[in-house]
$ cat run.txt   # compact mmCIF, C-alpha atoms and all ligand atoms
# COMPACT_ATOMS: atom_id res chain seq x y z
CA MET A 13 195.33 131.84 197.65
CA SER A 14 193.96 132.86 194.24
CA LEU A 15 192.28 130.35 191.95
CA VAL A 16 195.28 130.44 189.61
CA ASP A 17 197.71 129.76 192.49
CA GLU A 18 195.48 126.94 193.70
CA GLU A 19 195.53 125.37 190.23
CA GLU A 20 199.32 125.70 189.98
CA LYS A 21 199.72 124.07 193.39
CA GLN A 22 197.52 121.17 192.36
CA ARG A 23 199.49 120.78 189.12
CA SER A 24 202.80 120.75 190.96
CA VAL A 25 201.55 117.74 192.96
CA LEU A 26 200.19 115.87 189.94
CA ALA A 27 202.94 116.64 187.43
CA PRO A 28 205.66 114.17 188.57
CA GLU A 29 203.20 111.26 188.51
CA PHE A 30 201.82 112.30 185.11
CA TYR A 31 205.38 112.52 183.78
CA ARG A 32 206.26 109.11 185.23
CA LYS A 33 203.25 107.48 183.56
CA MET A 34 203.79 109.17 180.19
CA LEU A 35 207.45 108.20 180.21
CA ALA A 36 206.52 104.62 181.16
CA VAL A 37 204.28 104.42 178.09
CA ARG A 38 207.02 105.86 175.88
CA LEU A 39 209.84 103.65 177.14
CA PHE A 40 207.64 100.55 177.23
CA GLU A 41 206.76 101.08 173.58
CA GLN A 42 210.31 101.86 172.52
CA ARG A 43 211.37 98.53 174.00
CA ALA A 44 208.38 96.78 172.44
CA ILE A 45 209.39 98.14 169.01
CA GLU A 46 212.93 96.89 169.56
CA LEU A 47 211.70 93.43 170.59
CA TYR A 48 209.32 93.35 167.64
CA THR A 49 212.16 94.21 165.26
CA ARG A 50 214.26 91.41 166.77
CA GLY A 51 211.43 88.93 166.25
CA GLU A 52 210.69 88.45 169.96
CA ILE A 53 207.22 89.93 169.54
CA ARG A 54 205.07 88.44 166.77
CA GLY A 55 202.06 89.83 164.98
CA VAL A 56 201.58 93.58 164.72
CA ILE A 57 202.12 96.48 167.09
CA HIS A 58 200.63 99.95 166.76
CA PRO A 59 202.79 102.46 168.65
CA TYR A 60 201.11 105.20 170.67
CA ILE A 61 204.31 107.30 170.81
CA GLY A 62 203.39 111.00 170.66
CA GLU A 63 199.88 110.52 172.05
CA GLU A 64 200.74 109.67 175.68
CA ALA A 65 199.18 112.81 177.21
CA VAL A 66 195.70 111.66 176.18
CA ALA A 67 195.74 108.30 177.96
CA VAL A 68 197.54 109.61 181.03
CA GLY A 69 195.50 112.81 181.41
CA ALA A 70 192.24 110.92 180.97
CA CYS A 71 192.93 107.88 183.15
CA ALA A 72 194.27 110.06 185.97
CA VAL A 73 190.68 111.13 186.59
CA LEU A 74 189.43 107.56 187.04
CA ASN A 75 189.21 105.23 190.02
CA ASN A 76 190.52 101.69 189.84
CA ASP A 77 187.03 100.26 189.39
CA ASP A 78 186.09 102.65 186.57
CA TYR A 79 186.32 101.20 183.09
CA VAL A 80 188.22 101.98 179.92
CA VAL A 81 187.64 100.50 176.49
CA SER A 82 190.56 100.79 174.11
CA THR A 83 191.62 100.28 170.50
CA HIS A 84 194.27 98.55 168.40
CA ARG A 85 196.63 101.30 169.73
CA GLY A 86 196.03 100.32 173.34
CA HIS A 87 199.31 100.02 175.27
CA GLY A 88 199.07 103.59 176.58
CA HIS A 89 195.51 103.21 177.84
CA CYS A 90 196.42 100.00 179.62
CA ILE A 91 199.49 101.44 181.37
CA ALA A 92 197.68 104.66 182.24
CA LYS A 93 194.83 102.67 183.82
CA GLY A 94 197.35 101.00 186.12
CA ALA A 95 198.23 97.71 184.45
CA SER A 96 201.51 96.03 185.34
CA LEU A 97 204.32 96.52 182.82
CA ASP A 98 205.56 93.00 183.59
CA ARG A 99 202.31 91.29 182.69
CA MET A 100 201.78 93.52 179.66
CA MET A 101 205.22 92.78 178.28
CA ALA A 102 204.68 89.07 178.97
CA GLU A 103 201.45 89.29 176.97
CA LEU A 104 203.22 90.98 174.06
CA LEU A 105 205.81 88.22 174.06
CA GLY A 106 203.08 85.58 174.08
CA ARG A 107 203.91 84.22 177.53
CA SER A 108 201.54 82.41 179.88
CA ASN A 109 201.68 84.97 182.68
CA GLY A 110 200.68 87.76 180.36
CA TYR A 111 197.28 89.31 181.06
CA CYS A 112 195.55 87.04 178.53
CA ARG A 113 197.84 84.07 179.14
CA GLY A 114 199.86 85.05 176.10
CA LYS A 115 197.03 84.39 173.69
CA GLY A 116 195.79 87.95 173.18
CA GLY A 117 198.93 89.90 172.38
CA SER A 118 199.23 93.61 171.71
CA MET A 119 195.84 94.10 170.07
CA HIS A 120 193.78 92.15 172.59
CA LEU A 121 195.16 93.27 175.93
CA ALA A 122 192.54 93.18 178.65
CA THR A 123 192.63 93.11 182.43
CA PHE A 124 189.55 93.48 184.54
CA GLU A 125 191.79 93.91 187.63
CA VAL A 126 192.20 97.58 186.67
CA GLY A 127 188.98 97.98 184.69
CA MET A 128 190.65 97.70 181.30
CA LEU A 129 187.89 95.98 179.33
CA GLY A 130 190.03 95.44 176.27
CA ALA A 131 192.06 96.72 173.39
CA ILE A 132 189.73 96.10 170.47
CA GLY A 133 191.24 95.51 167.02
CA ILE A 134 188.05 96.22 165.09
CA VAL A 135 187.69 99.94 164.41
CA ALA A 136 184.72 101.45 166.36
CA ALA A 137 183.79 98.09 167.90
CA GLY A 138 184.77 99.33 171.34
CA ILE A 139 181.98 101.92 171.29
CA PRO A 140 179.04 99.50 171.72
CA ILE A 141 181.07 97.63 174.36
CA ALA A 142 181.51 100.87 176.32
CA VAL A 143 177.79 101.58 176.00
CA GLY A 144 177.08 98.10 177.35
CA ALA A 145 179.44 98.71 180.27
CA GLY A 146 177.70 102.03 180.91
CA LEU A 147 174.32 100.32 180.94
CA SER A 148 175.66 97.74 183.39
CA VAL A 149 176.86 100.54 185.70
CA LYS A 150 173.47 102.21 185.51
CA LEU A 151 171.59 99.00 186.29
CA ARG A 152 173.93 98.11 189.15
CA LYS A 153 173.83 101.74 190.44
CA THR A 154 177.56 101.67 191.22
CA ARG A 155 178.47 105.20 190.09
CA GLN A 156 181.38 103.89 188.03
CA VAL A 157 182.33 105.71 184.83
CA VAL A 158 183.45 104.38 181.45
CA ILE A 159 185.93 106.09 179.15
CA CYS A 160 185.78 104.86 175.59
CA PHE A 161 188.87 105.66 173.50
CA PHE A 162 188.66 105.56 169.71
CA GLY A 163 190.36 107.18 166.75
CA ASP A 164 189.19 109.62 164.08
CA GLY A 165 188.83 106.57 161.84
CA ALA A 166 185.97 105.28 163.99
CA VAL A 167 183.65 108.25 163.69
CA ASN A 168 182.13 107.39 160.31
CA GLN A 169 181.21 103.89 161.37
CA GLY A 170 177.60 103.14 162.22
CA ALA A 171 178.65 101.97 165.67
CA PHE A 172 179.73 105.52 166.54
CA HIS A 173 176.30 106.97 165.77
CA GLU A 174 174.37 104.11 167.32
CA GLY A 175 176.52 104.07 170.43
CA LEU A 176 176.45 107.80 171.13
CA ASN A 177 172.76 108.01 170.40
CA MET A 178 171.91 105.14 172.73
CA ALA A 179 174.19 106.43 175.51
CA ALA A 180 172.47 109.82 175.28
CA VAL A 181 168.93 108.39 175.20
CA TRP A 182 169.66 106.16 178.20
CA ASN A 183 171.75 108.81 179.97
CA LEU A 184 174.71 106.46 180.46
CA PRO A 185 177.94 107.33 182.33
CA VAL A 186 180.25 107.12 179.32
CA VAL A 187 182.91 109.59 178.19
CA PHE A 188 183.58 109.13 174.48
CA LEU A 189 187.14 110.20 173.86
CA CYS A 190 188.21 110.55 170.24
CA GLU A 191 191.96 110.59 169.70
CA ASN A 192 192.08 112.60 166.52
CA ASN A 193 195.57 112.06 165.12
CA PHE A 194 194.30 113.10 161.66
CA TYR A 195 194.92 109.74 159.99
CA ALA A 196 193.22 106.39 159.73
CA ILE A 197 196.16 104.37 158.44
CA SER A 198 197.04 106.51 155.35
CA THR A 199 193.73 108.34 155.01
CA HIS A 200 193.60 111.94 156.19
CA VAL A 201 190.46 112.82 158.13
CA SER A 202 189.58 115.57 155.63
CA ARG A 203 189.24 113.02 152.82
CA VAL A 204 186.55 111.00 154.54
CA SER A 205 184.75 113.25 157.02
CA ALA A 206 182.24 115.94 156.05
CA VAL A 207 182.58 117.33 159.58
CA THR A 208 186.25 117.09 160.52
CA GLU A 209 185.77 118.68 163.95
CA VAL A 210 184.60 115.55 165.71
CA ALA A 211 183.50 117.39 168.88
CA ARG A 212 180.87 119.27 166.85
CA ARG A 213 179.05 116.01 166.24
CA SER A 214 177.97 116.00 169.88
CA CYS A 215 175.06 118.29 168.94
CA ALA A 216 173.49 115.38 167.05
CA TYR A 217 173.10 113.60 170.40
CA ASP A 218 172.45 116.69 172.50
CA ILE A 219 175.47 116.01 174.71
CA PRO A 220 178.44 118.26 175.57
CA GLY A 221 181.29 118.22 173.06
CA LYS A 222 184.75 119.66 173.48
CA ARG A 223 187.91 119.78 171.35
CA VAL A 224 191.16 119.95 173.36
CA ASP A 225 194.90 119.98 172.79
CA GLY A 226 195.71 116.30 173.15
CA ASN A 227 199.40 117.05 173.61
CA SER A 228 198.69 118.94 176.81
CA VAL A 229 198.13 116.53 179.67
CA TRP A 230 196.47 119.40 181.57
CA ALA A 231 193.97 120.17 178.83
CA VAL A 232 192.99 116.50 178.62
CA TYR A 233 192.85 116.08 182.40
CA GLU A 234 190.58 119.10 182.90
CA ALA A 235 188.18 118.26 180.09
CA VAL A 236 187.90 114.65 181.27
CA GLN A 237 187.45 115.76 184.88
CA GLU A 238 184.41 117.77 183.86
CA ALA A 239 182.97 114.98 181.72
CA VAL A 240 183.58 112.30 184.37
CA ALA A 241 181.96 114.43 187.09
CA ARG A 242 178.88 114.82 184.89
CA ALA A 243 178.73 111.10 184.19
CA ARG A 244 179.27 110.12 187.82
CA HIS A 245 176.47 112.39 188.98
CA GLY A 246 173.99 110.87 186.59
CA HIS A 247 174.07 113.59 183.93
CA GLY A 248 175.04 111.29 181.09
CA PRO A 249 177.65 111.04 178.35
CA SER A 250 180.02 113.57 176.76
CA LEU A 251 182.20 113.64 173.67
CA ILE A 252 185.79 114.86 173.90
CA GLU A 253 188.07 115.20 170.90
CA ALA A 254 191.79 115.32 171.69
CA LEU A 255 193.99 116.57 168.85
CA THR A 256 197.25 114.66 168.74
CA TYR A 257 199.65 112.89 166.39
CA ARG A 258 201.43 109.57 166.23
CA HIS A 259 205.18 109.93 165.75
CA GLU A 260 205.58 106.42 164.38
CA GLY A 261 203.91 104.73 161.43
CA HIS A 262 200.40 103.30 161.71
CA TYR A 263 202.06 100.03 162.70
CA LYS A 264 205.71 99.25 163.24
CA GLY A 265 207.06 98.82 159.74
CA ASP A 266 204.78 101.36 158.04
CA PRO A 267 207.07 103.75 156.11
CA GLY A 268 204.39 106.47 156.36
CA HIS A 269 204.97 108.02 152.92
CA TYR A 270 201.49 109.55 153.00
CA ARG A 271 202.48 112.12 155.64
CA PRO A 272 204.49 115.23 154.76
CA PRO A 273 207.80 115.14 156.68
CA GLU A 274 207.31 118.78 157.81
CA GLU A 275 204.00 117.80 159.40
CA LEU A 276 205.70 115.10 161.46
CA LYS A 277 208.48 117.49 162.46
CA LYS A 278 205.96 120.12 163.53
CA TRP A 279 204.26 117.62 165.86
CA GLN A 280 207.54 116.22 167.14
CA ARG A 281 208.33 119.74 168.32
CA LYS A 282 205.08 119.54 170.32
CA ASP A 283 206.07 116.25 171.94
CA PRO A 284 203.88 116.01 175.07
CA ILE A 285 206.57 114.36 177.16
CA LYS A 286 209.28 116.91 176.34
CA LYS A 287 206.75 119.65 177.00
CA LEU A 288 205.90 118.38 180.48
CA ARG A 289 209.57 117.74 181.30
CA LYS A 290 210.40 121.33 180.43
CA GLU A 291 207.54 122.57 182.60
CA LEU A 292 208.62 120.39 185.53
CA LEU A 293 212.05 121.98 185.50
CA ALA A 294 211.01 125.53 184.63
CA LYS A 295 208.45 125.67 187.44
CA ASN A 296 210.75 123.89 189.83
CA TRP A 297 208.20 121.16 190.44
CA LEU A 298 211.08 118.67 190.49
CA GLU A 299 214.78 119.23 191.12
CA PRO A 300 216.94 118.10 188.16
CA LYS A 301 218.41 115.31 190.29
CA ALA A 302 214.99 114.01 191.35
CA LEU A 303 213.86 114.12 187.73
CA GLU A 304 216.86 112.10 186.65
CA GLU A 305 216.16 109.55 189.38
CA LEU A 306 212.54 109.28 188.31
CA GLU A 307 213.64 108.69 184.70
CA GLN A 308 216.07 105.98 185.80
CA GLU A 309 213.36 104.28 187.84
CA VAL A 310 211.03 104.16 184.86
CA ALA A 311 213.80 102.76 182.64
CA GLN A 312 214.47 100.09 185.28
CA ASP A 313 210.76 99.23 185.51
CA VAL A 314 210.69 98.65 181.75
CA GLN A 315 213.90 96.63 181.84
CA ARG A 316 212.44 94.46 184.62
CA ALA A 317 209.30 93.95 182.54
CA VAL A 318 211.39 92.69 179.62
CA GLU A 319 213.30 90.31 181.89
CA PHE A 320 210.07 89.09 183.51
CA ALA A 321 208.57 88.44 180.08
CA ARG A 322 211.65 86.68 178.71
CA LYS A 323 211.82 84.40 181.76
CA SER A 324 208.13 83.51 181.55
CA PRO A 325 207.04 80.24 179.93
CA TYR A 326 204.96 80.00 176.77
CA PRO A 327 201.43 78.66 177.24
CA ALA A 328 201.28 74.88 177.47
CA GLU A 329 200.05 73.00 174.40
CA GLU A 330 196.99 71.79 176.34
CA GLU A 331 195.88 75.41 176.71
CA LEU A 332 195.66 75.96 172.97
CA THR A 333 191.88 75.76 172.84
CA SER A 334 190.99 76.93 176.36
CA ASP A 335 189.53 80.43 176.96
CA ILE A 336 188.03 80.60 173.50
CA PHE A 337 184.34 80.69 172.58
CA GLY A 338 184.33 77.36 170.81
CA GLY A 339 185.69 75.50 173.82
CA ASP A 340 187.97 72.52 173.46
CA HIS A 341 187.55 71.03 169.98
CA ARG A 342 188.91 67.70 171.17
CA LYS A 343 186.01 67.10 173.56
C1 LIG B 401 186.06 97.63 160.96
C2 LIG B 401 187.51 97.74 160.60
N1 LIG B 401 187.85 98.21 159.38
C3 LIG B 401 189.16 98.33 159.05
C4 LIG B 401 190.13 97.96 159.90
C5 LIG B 401 191.60 98.10 159.54
N2 LIG B 401 192.15 99.20 160.32
C6 LIG B 401 192.89 98.97 161.42
S1 LIG B 401 193.35 100.39 162.18
C7 LIG B 401 192.57 101.32 161.03
C8 LIG B 401 192.59 102.82 161.11
C9 LIG B 401 192.15 103.33 162.40
O1 LIG B 401 192.32 104.72 162.42
P1 LIG B 401 191.89 105.54 163.68
O2 LIG B 401 190.56 105.06 164.15
O3 LIG B 401 192.02 106.97 163.33
O4 LIG B 401 192.94 105.13 164.80
P2 LIG B 401 194.53 105.37 164.77
O5 LIG B 401 195.12 104.19 164.07
O6 LIG B 401 194.79 106.63 164.06
O7 LIG B 401 194.91 105.40 166.21
C10 LIG B 401 191.95 100.52 160.08
C11 LIG B 401 191.18 101.06 158.94
C12 LIG B 401 189.75 97.43 161.15
N3 LIG B 401 190.65 97.04 162.05
N4 LIG B 401 188.43 97.35 161.48
MG MG B 402 193.58 108.23 163.59
$ encode --input "run.txt" --output "structure tokens"
Amino acid sequence: MSLVDEEEKQRSVLAPEFYRKMLAVRLFEQRAIELYTRGEIRGVIHPYIGEEAVAVGACAVLNNDDYVVSTHRGHGHCIAKGASLDRMMAELLGRSNGYCRGKGGSMHLATFEVGMLGAIGIVAAGIPIAVGAGLSVKLRKTRQVVICFFGDGAVNQGAFHEGLNMAAVWNLPVVFLCENNFYAISTHVSRVSAVTEVARRSCAYDIPGKRVDGNSVWAVYEAVQEAVARARHGHGPSLIEALTYRHEGHYKGDPGHYRPPEELKKWQRKDPIKKLRKELLAKNWLEPKALEELEQEVAQDVQRAVEFARKSPYPAEEELTSDIFGGDHRK
């Protein structure tokens, strides 16, 4: 078998699972938006719709005990790392059997059970956390790997420079994965970055840097595979920049007037989920009937998650001040 045939065979095995995960992220978020609009979810949610190939392609390379550090746009990373839709939805609805007992919500999802160290609401603040996790792996000699997700808005923060520099100096097993969707809220990357090609910044830390098509789950998967293998074998960190685009506003409710409508349409035509679906059918990796069944299963999983969350109790009043740094103020 030629190398190309071998690669196609491997893709045919992986593709249905990649599609299932990407669709789970999409449908989970569509329901979350609906529940947010109805007032069942409070606070803010930042939809990841359009960017699913990055989380799924990247996390597919990891083992359960590897770590990810996420951002304010973290639902996709959490699902891709293997978190339960039920407990995630319960968290979004503020219920006590959510991953953070209903007190974290969308922007503070964390579950160590699958190595998801946290969705971090402060831009770039996940980078030093990932470096710390990488140092812990190195000291414990466990051969785990950390993927640190962050946006283009994080790369001009001091924490980016400090984190990448330190990870390189200490040769830590961290893959820095920038999701460049071209905007930090309403600010286009070209307005605030002297070097808009984030991957090129890797030369400042003497680590590998690669820009990939973030709407191709294969491109992400392959780049991350290479970077993770390096990290796992003790060869240190890498920087990957995945070009992608969010289809929704910065947060649900953002009218997004700062983006030209043609730009959005152009990226919607490159929808990573539609692209993979087309490939699945064209290459006969899944029969149409099996594909339909898979799609129904994912829709049912999301529906079950909503029902689980709605049936779950809110945290008890006594829990109001537990699990916080200050402890119980009444004691
Ligand atoms: C330190 C800090 N400054 C400002 C904000 C407000 N804020 C929240 S998200 C965001 C933009 C983030 O853009 P990017 O990193 O590109 O991620 P994206 O939203 O595009 O996924 C900003 C400025 C914040 N959360 N933290
Ligand atoms: Mg951005």
$ residues_near_ligand --input "run.txt" --ligand "ligand MG 402 (chain B)" --cutoff "8 Å" --atoms "all atoms listed in the file" --output "VMD selection string"
chain A and resid 163 to 165 191 to 197 201
$ closest_residue --input "run.txt" --among "A:Cys215, A:Ala241, A:Ile57, A:Ile252" --to "ligand LIG 401 (chain B)" --atoms "all atoms listed in the file"
A:Ile57
$ atom_distance --input "run.txt" --atom1 "atom CA of Gly114 of chain A" --atom2 "atom CA of Leu129 of chain A"
16.5 Å
$ atom_distance --input "run.txt" --atom1 "atom CA of Ser214 of chain A" --atom2 "atom CA of His262 of chain A"
27.0 Å
$ residues_around --input "run.txt" --residues "Ser205 of chain A" --least-positions-apart "2" --cutoff "10 Å" --atoms "all atoms listed in the file" --output "compact mmCIF listing (two decimals) with C-alpha atoms, keeping the file's coordinate frame"
# COMPACT_ATOMS: atom_id res chain seq x y z
CA ASP A 164 189.19 109.62 164.08
CA GLY A 165 188.83 106.57 161.84
CA VAL A 167 183.65 108.25 163.69
CA ASN A 168 182.13 107.39 160.31
CA HIS A 200 193.60 111.94 156.19
CA VAL A 201 190.46 112.82 158.13
CA SER A 202 189.58 115.57 155.63
CA ARG A 203 189.24 113.02 152.82
CA VAL A 207 182.58 117.33 159.58
CA THR A 208 186.25 117.09 160.52
CA GLU A 209 185.77 118.68 163.95
CA VAL A 210 184.60 115.55 165.71
$ build_atoms --input "run.txt" --residues "segment 304-317 of chain A" --atoms "N, CA, C and O atoms" --output "compact mmCIF listing (two decimals), in the coordinates of the input"
# COMPACT_ATOMS: atom_id res chain seq x y z
N GLU A 304 215.98 113.13 187.20
CA GLU A 304 216.86 112.10 186.65
C GLU A 304 216.61 110.75 187.32
O GLU A 304 216.56 109.71 186.66
N GLU A 305 216.43 110.79 188.64
CA GLU A 305 216.16 109.55 189.38
C GLU A 305 214.85 108.91 188.93
O GLU A 305 214.77 107.70 188.72
N LEU A 306 213.85 109.78 188.77
CA LEU A 306 212.54 109.28 188.31
C LEU A 306 212.70 108.60 186.93
O LEU A 306 212.17 107.51 186.69
N GLU A 307 213.46 109.24 186.05
CA GLU A 307 213.64 108.69 184.70
C GLU A 307 214.37 107.34 184.75
O GLU A 307 214.04 106.41 184.02
N GLN A 308 215.35 107.26 185.66
CA GLN A 308 216.07 105.98 185.80
C GLN A 308 215.14 104.89 186.33
O GLN A 308 215.20 103.74 185.89
N GLU A 309 214.30 105.27 187.27
CA GLU A 309 213.36 104.28 187.84
C GLU A 309 212.44 103.73 186.75
O GLU A 309 212.20 102.53 186.68
N VAL A 310 211.94 104.62 185.91
CA VAL A 310 211.03 104.16 184.86
C VAL A 310 211.79 103.23 183.89
O VAL A 310 211.27 102.17 183.51
N ALA A 311 213.00 103.62 183.54
CA ALA A 311 213.80 102.76 182.64
C ALA A 311 214.01 101.39 183.27
O ALA A 311 213.93 100.35 182.59
N GLN A 312 214.27 101.38 184.58
CA GLN A 312 214.47 100.09 185.28
C GLN A 312 213.18 99.26 185.30
O GLN A 312 213.21 98.04 185.12
N ASP A 313 212.05 99.94 185.50
CA ASP A 313 210.76 99.23 185.51
C ASP A 313 210.54 98.53 184.16
O ASP A 313 210.07 97.39 184.10
N VAL A 314 210.89 99.23 183.09
CA VAL A 314 210.69 98.65 181.75
C VAL A 314 211.67 97.49 181.53
O VAL A 314 211.30 96.44 181.02
N GLN A 315 212.90 97.69 181.97
CA GLN A 315 213.90 96.63 181.84
C GLN A 315 213.45 95.38 182.60
O GLN A 315 213.54 94.26 182.10
N ARG A 316 212.94 95.59 183.82
CA ARG A 316 212.44 94.46 184.62
C ARG A 316 211.29 93.75 183.92
O ARG A 316 211.19 92.53 183.94
N ALA A 317 210.44 94.54 183.26
CA ALA A 317 209.30 93.95 182.54
C ALA A 317 209.81 93.05 181.41
O ALA A 317 209.28 91.95 181.19
